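**Student:** Sharing a structure with you now.
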Amino acid sequence: MMHTRTGFGIVGCGSISAIHAAAIARLPQAYLAGMVDTNIAYAQAAAQRHGTRVYHTVEELLADKAVDIVSLCTPSGLHAQQALQALHAGKHVVVEKPLALTLADADAVIEAAQRNGRQVCVISQLRYAPTVQAVRRALAAGQLGRVVSVQLTMNYWRDEEYYTSSSWRGTWAMDGGGALMNQGIHGVDLMQYLLGPVRRVSAFCKTQTRPMETEDSAVAILEFASGAVGTLQASTTCCPGYARTLTICGDKGSLELTEDTITRWDAPGHMPESDSHVHGAASDPTALNIARHEMQFSNLLASLKGEERLLSDAREGRKPLEIILAVYQSAREGRQVDICPAPEIAP
């Protein structure tokens, strides 16, 4: 039974939790019931800033009937385990990317959400940008014709302190990857959301300058199920860091998205208006547009009332994870990796 306002409980009080708390505060139909962190001093400071209570354990948060939705802002390696814990406690879940670090864990979360009749919303805030939705409509309407070529470039910068300040960053066990799994997953999700499934990948990953286990640079060649070909590049060692670009080329026209702003439009019809200037977290992981998280949380609340379809559920959150894990496998094994079967061709 939902309350008059929907209560959120935040697990993990690192930098991304401030974005979640600020987005929740903008929603008149929701409120922040409380926060918890293994570091009680972090939790107390964050709770004071956001005018809410502190829980001493995750179990205490999950036992509180005021909490309808658990928002997971913890290290990536904890996401699947904590999502399962929340789902089994009867809570809906918002989880920062990635949903999990393995496909098996992602599937376990999908199954638990289904079995418990609860929603899992994976943070993929770029999908909610009006410009991205306009580009998706343009592609569906065939304004670019047949898409033949795609380039996704994410030349980011994270200094050494970014990795040394948190022991879990850049580790396989808790981060699940580096430039691609942590920073690049939003771009990968945007790419596959607009262009459909990737059929196969061939990739190289390297750790060149950062004190980390995982990659600070990744390059992949992609073949989409549609037949289009593309390239993917991700790095966290490109000083000073450039905005993400996604270039989509068709046989009737092409466009370029820089972050969530259309910066080139060479296609029939009017260019959709962008609702924001170019922004992003190319060199600052906290430089995010809170409005996108607000839109995503609003979509979740509407979906719980049966008013909207959830745009980024657990099944959708699995899709970029599958592509990234295939990139890692290809780089590790030095071979091409198939993700989905080739489409059947009618006789």
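Ordering of the structure tokens sets the chain letters (A, B, ...); residue numbers start at 1 within each chain; ligands are numbered from 1 in the order shown.
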Please provide the set of residues having any atom within 9 Å of segment 99-103 of chain A, restricted to only C-alpha atoms, with same-chain residues fewer than 6 positions apart removed, written as number ranges by chain.

**Tutor:** A: 76-81, 83, 109, 122-123, 172-177, 181, 314, 317-318, 321-322, 325

**Student:** Among segment 112-331 of chain A, which ones does DSSP assign to strand (DSSP E or B) (computed from the backbone)? Answer as number ranges by chain.

**Tutor:** A: 120-122, 147-155, 157, 198-206, 217-224, 229-235, 237, 245-250, 254-258, 261-266, 313

**Student:** Segment 27-43 of chain A: which residues within 7 Å, counting only C-alpha atoms, same-chain residues fewer than 6 positions away excluded, as a ChimeraX atom specification?

**Tutor:** /A:5-13,21,52-58,66-67

**Student:** Taking 2 positions as the minimum chain separation for residues in the same chain, which residues sit within 9 Å of segment 196-200 of chain A when counting only C-alpha atoms? Answer as a ChimeraX atom specification.

**Tutor:** /A:191-194,202,221-227,319,323,326,336-342

**Student:** With distances taken over only C-alpha atoms, which of A:Ala129, A:Ala108, A:Met212, A:Leu61 is nearest to Thr171 of chain A?

**Tutor:**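 Nearest candidate to Thr171 of chain A out of A:Ala129, A:Ala108, A:Met212, A:Leu61: A:Met212.
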
**Student:** Can you pull out every residue from segment 300-331 of chain A that DSSP, working from the backbone, puts in helix (DSSP H, G or I), and format the result as an MDAnalysis selection string?

**Tutor:** chainID A and resid 300:304 314:331

**Student:** Identify which of the residues A:Glu161, A:Ala220, A:Met154, A:Gly306 lies closest to Leu246 of chain A, counting only C-alpha atoms when measuring atom-to-atom distances.

**Tutor:**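 Between A:Glu161, A:Ala220, A:Met154, A:Gly306, the residue approaching Leu246 of chain A most closely is A:Met154.
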
**Student:** Could you tell me which of A:Gln233, A:Ser312, A:Gln85, A:Asn289 comes closest to Leu72 of chain A if we count only C-alpha atoms?

**Tutor:**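 Using only C-alpha atoms, Leu72 of chain A sits closest to A:Gln85.
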
**Student:** Restricting the calculation to only C-alpha atoms: of A:Ala22, A:Leu144, A:Ile16, A:Leu190, which residue gets closest to Val95 of chain A?

**Tutor:** A:Ile16

**Student:** Tell me, as number ranges by chain, which residues lie within 10 Å of Ala112 of chain A, counting only C-alpha atoms; anything in the same chain fewer than 2 positions away does not count.

**Tutor:** A: 83-88, 106-110, 114-120

**Student:** Just to be explicit: take each residue in the selection above, keep N, CA and C atoms, and write the result as a CSV table (one decimal), in the first residue's frame.

**Tutor:**
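See part25.csv below for the written result:
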chain,number,residue,atom,x,y,z
A,83,ALA,N,20.1,-5.2,-4.6
A,83,ALA,CA,18.8,-5.2,-5.3
A,83,ALA,C,18.0,-6.4,-4.9
A,84,LEU,N,18.6,-7.6,-4.9
A,84,LEU,CA,17.9,-8.8,-4.5
A,84,LEU,C,17.4,-8.7,-3.0
A,85,GLN,N,18.2,-8.2,-2.2
A,85,GLN,CA,17.8,-8.0,-0.7
A,85,GLN,C,16.6,-7.1,-0.6
A,86,ALA,N,16.6,-6.0,-1.4
A,86,ALA,CA,15.5,-5.1,-1.3
A,86,ALA,C,14.2,-5.6,-1.9
A,87,LEU,N,14.4,-6.4,-3.0
A,87,LEU,CA,13.2,-7.0,-3.7
A,87,LEU,C,12.6,-8.0,-2.8
A,88,HIS,N,13.4,-8.8,-2.1
A,88,HIS,CA,12.9,-9.8,-1.2
A,88,HIS,C,12.2,-9.2,0.0
A,106,ALA,N,22.5,-10.3,-13.3
A,106,ALA,CA,21.4,-9.4,-13.8
A,106,ALA,C,20.1,-10.2,-14.0
A,107,ASP,N,20.3,-11.5,-14.5
A,107,ASP,CA,19.1,-12.3,-14.7
A,107,ASP,C,18.4,-12.7,-13.4
A,108,ALA,N,19.3,-12.8,-12.3
A,108,ALA,CA,18.7,-13.1,-11.0
A,108,ALA,C,17.9,-11.9,-10.5
A,109,VAL,N,18.3,-10.7,-10.8
A,109,VAL,CA,17.5,-9.5,-10.3
A,109,VAL,C,16.2,-9.4,-11.1
A,110,ILE,N,16.3,-9.7,-12.4
A,110,ILE,CA,15.1,-9.7,-13.3
A,110,ILE,C,14.1,-10.7,-12.8
A,114,GLN,N,10.3,-10.0,-11.0
A,114,GLN,CA,9.1,-10.6,-11.5
A,114,GLN,C,8.4,-11.4,-10.4
A,115,ARG,N,9.2,-12.2,-9.7
A,115,ARG,CA,8.6,-13.1,-8.7
A,115,ARG,C,7.9,-12.3,-7.5
A,116,ASN,N,8.5,-11.1,-7.2
A,116,ASN,CA,8.0,-10.3,-6.1
A,116,ASN,C,7.1,-9.2,-6.5
A,117,GLY,N,6.8,-9.1,-7.8
A,117,GLY,CA,5.9,-8.1,-8.3
A,117,GLY,C,6.4,-6.7,-8.1
A,118,ARG,N,7.7,-6.5,-8.2
A,118,ARG,CA,8.3,-5.2,-7.9
A,118,ARG,C,9.0,-4.7,-9.2
A,119,GLN,N,9.2,-3.4,-9.2
A,119,GLN,CA,9.9,-2.7,-10.3
A,119,GLN,C,11.4,-2.5,-10.0
A,120,VAL,N,12.2,-2.7,-11.0
A,120,VAL,CA,13.6,-2.3,-10.8
A,120,VAL,C,13.9,-1.3,-11.9

**Student:** So that I can see what lies close to Glu273 of chain A, please list as a PyMOL selection string the residues with an atom at most 12 Å from it, counting only C-alpha atoms and leaving out residues fewer than 4 positions away in the same chain.

**Tutor:** chain A and resi 129-135+260-265+277

**Student:** Could you write out that same residue set with N, CA and C atoms as a PDB file, in the first residue's frame?

**Tutor:**
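See selection11.pdb below for the written result:
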ATOM      1  N   ALA A 129      16.193  12.429 -22.041  1.00  0.00           N
ATOM      2  CA  ALA A 129      16.384  13.736 -22.661  1.00  0.00           C
ATOM      3  C   ALA A 129      15.419  13.883 -23.834  1.00  0.00           C
ATOM      4  N   PRO A 130      14.640  14.958 -23.893  1.00  0.00           N
ATOM      5  CA  PRO A 130      13.722  15.155 -25.025  1.00  0.00           C
ATOM      6  C   PRO A 130      14.412  15.067 -26.381  1.00  0.00           C
ATOM      7  N   THR A 131      15.671  15.536 -26.449  1.00  0.00           N
ATOM      8  CA  THR A 131      16.409  15.456 -27.705  1.00  0.00           C
ATOM      9  C   THR A 131      16.643  14.007 -28.121  1.00  0.00           C
ATOM     10  N   VAL A 132      16.999  13.167 -27.155  1.00  0.00           N
ATOM     11  CA  VAL A 132      17.224  11.749 -27.450  1.00  0.00           C
ATOM     12  C   VAL A 132      15.930  11.104 -27.936  1.00  0.00           C
ATOM     13  N   GLN A 133      14.824  11.437 -27.305  1.00  0.00           N
ATOM     14  CA  GLN A 133      13.541  10.895 -27.750  1.00  0.00           C
ATOM     15  C   GLN A 133      13.217  11.371 -29.161  1.00  0.00           C
ATOM     16  N   ALA A 134      13.553  12.626 -29.480  1.00  0.00           N
ATOM     17  CA  ALA A 134      13.298  13.150 -30.824  1.00  0.00           C
ATOM     18  C   ALA A 134      14.152  12.429 -31.862  1.00  0.00           C
ATOM     19  N   VAL A 135      15.414  12.147 -31.525  1.00  0.00           N
ATOM     20  CA  VAL A 135      16.281  11.405 -32.436  1.00  0.00           C
ATOM     21  C   VAL A 135      15.755   9.987 -32.637  1.00  0.00           C
ATOM     22  N   ASP A 260      23.709  15.228 -24.817  1.00  0.00           N
ATOM     23  CA  ASP A 260      22.326  15.043 -25.279  1.00  0.00           C
ATOM     24  C   ASP A 260      21.857  16.245 -26.102  1.00  0.00           C
ATOM     25  N   THR A 261      22.801  16.901 -26.795  1.00  0.00           N
ATOM     26  CA  THR A 261      22.481  18.030 -27.657  1.00  0.00           C
ATOM     27  C   THR A 261      22.828  17.677 -29.102  1.00  0.00           C
ATOM     28  N   ILE A 262      21.931  17.956 -30.030  1.00  0.00           N
ATOM     29  CA  ILE A 262      22.217  17.733 -31.442  1.00  0.00           C
ATOM     30  C   ILE A 262      23.150  18.851 -31.920  1.00  0.00           C
ATOM     31  N   THR A 263      24.360  18.483 -32.324  1.00  0.00           N
ATOM     32  CA  THR A 263      25.328  19.466 -32.793  1.00  0.00           C
ATOM     33  C   THR A 263      25.519  19.425 -34.297  1.00  0.00           C
ATOM     34  N   ARG A 264      25.019  18.370 -34.951  1.00  0.00           N
ATOM     35  CA  ARG A 264      24.988  18.327 -36.414  1.00  0.00           C
ATOM     36  C   ARG A 264      23.706  17.627 -36.842  1.00  0.00           C
ATOM     37  N   TRP A 265      23.076  18.197 -37.854  1.00  0.00           N
ATOM     38  CA  TRP A 265      21.852  17.589 -38.411  1.00  0.00           C
ATOM     39  C   TRP A 265      21.891  17.790 -39.914  1.00  0.00           C
ATOM     40  N   HIS A 277      22.078  22.976 -23.264  1.00  0.00           N
ATOM     41  CA  HIS A 277      23.387  23.137 -23.883  1.00  0.00           C
ATOM     42  C   HIS A 277      24.212  21.886 -23.586  1.00  0.00           C
TER      43      HIS A 277
END

**Student:** Please measure the separation of atom CA of Leu310 of chain A and atom CA of Cys121 of chain A, giving the value in Å to one decimal.

**Tutor:** 7.5 Å

**Student:** For a quick check of understanding, using only C-alpha atoms, which of A:Glu215, A:His20, A:Ser235, A:Ala46 has the smallest distance to Val70 of chain A?

**Tutor:** A:His20

**Student:** By how many Å are atom CA of Glu60 of chain A and atom CA of Ala25 of chain A apart?

**Tutor:** 22.3 Å
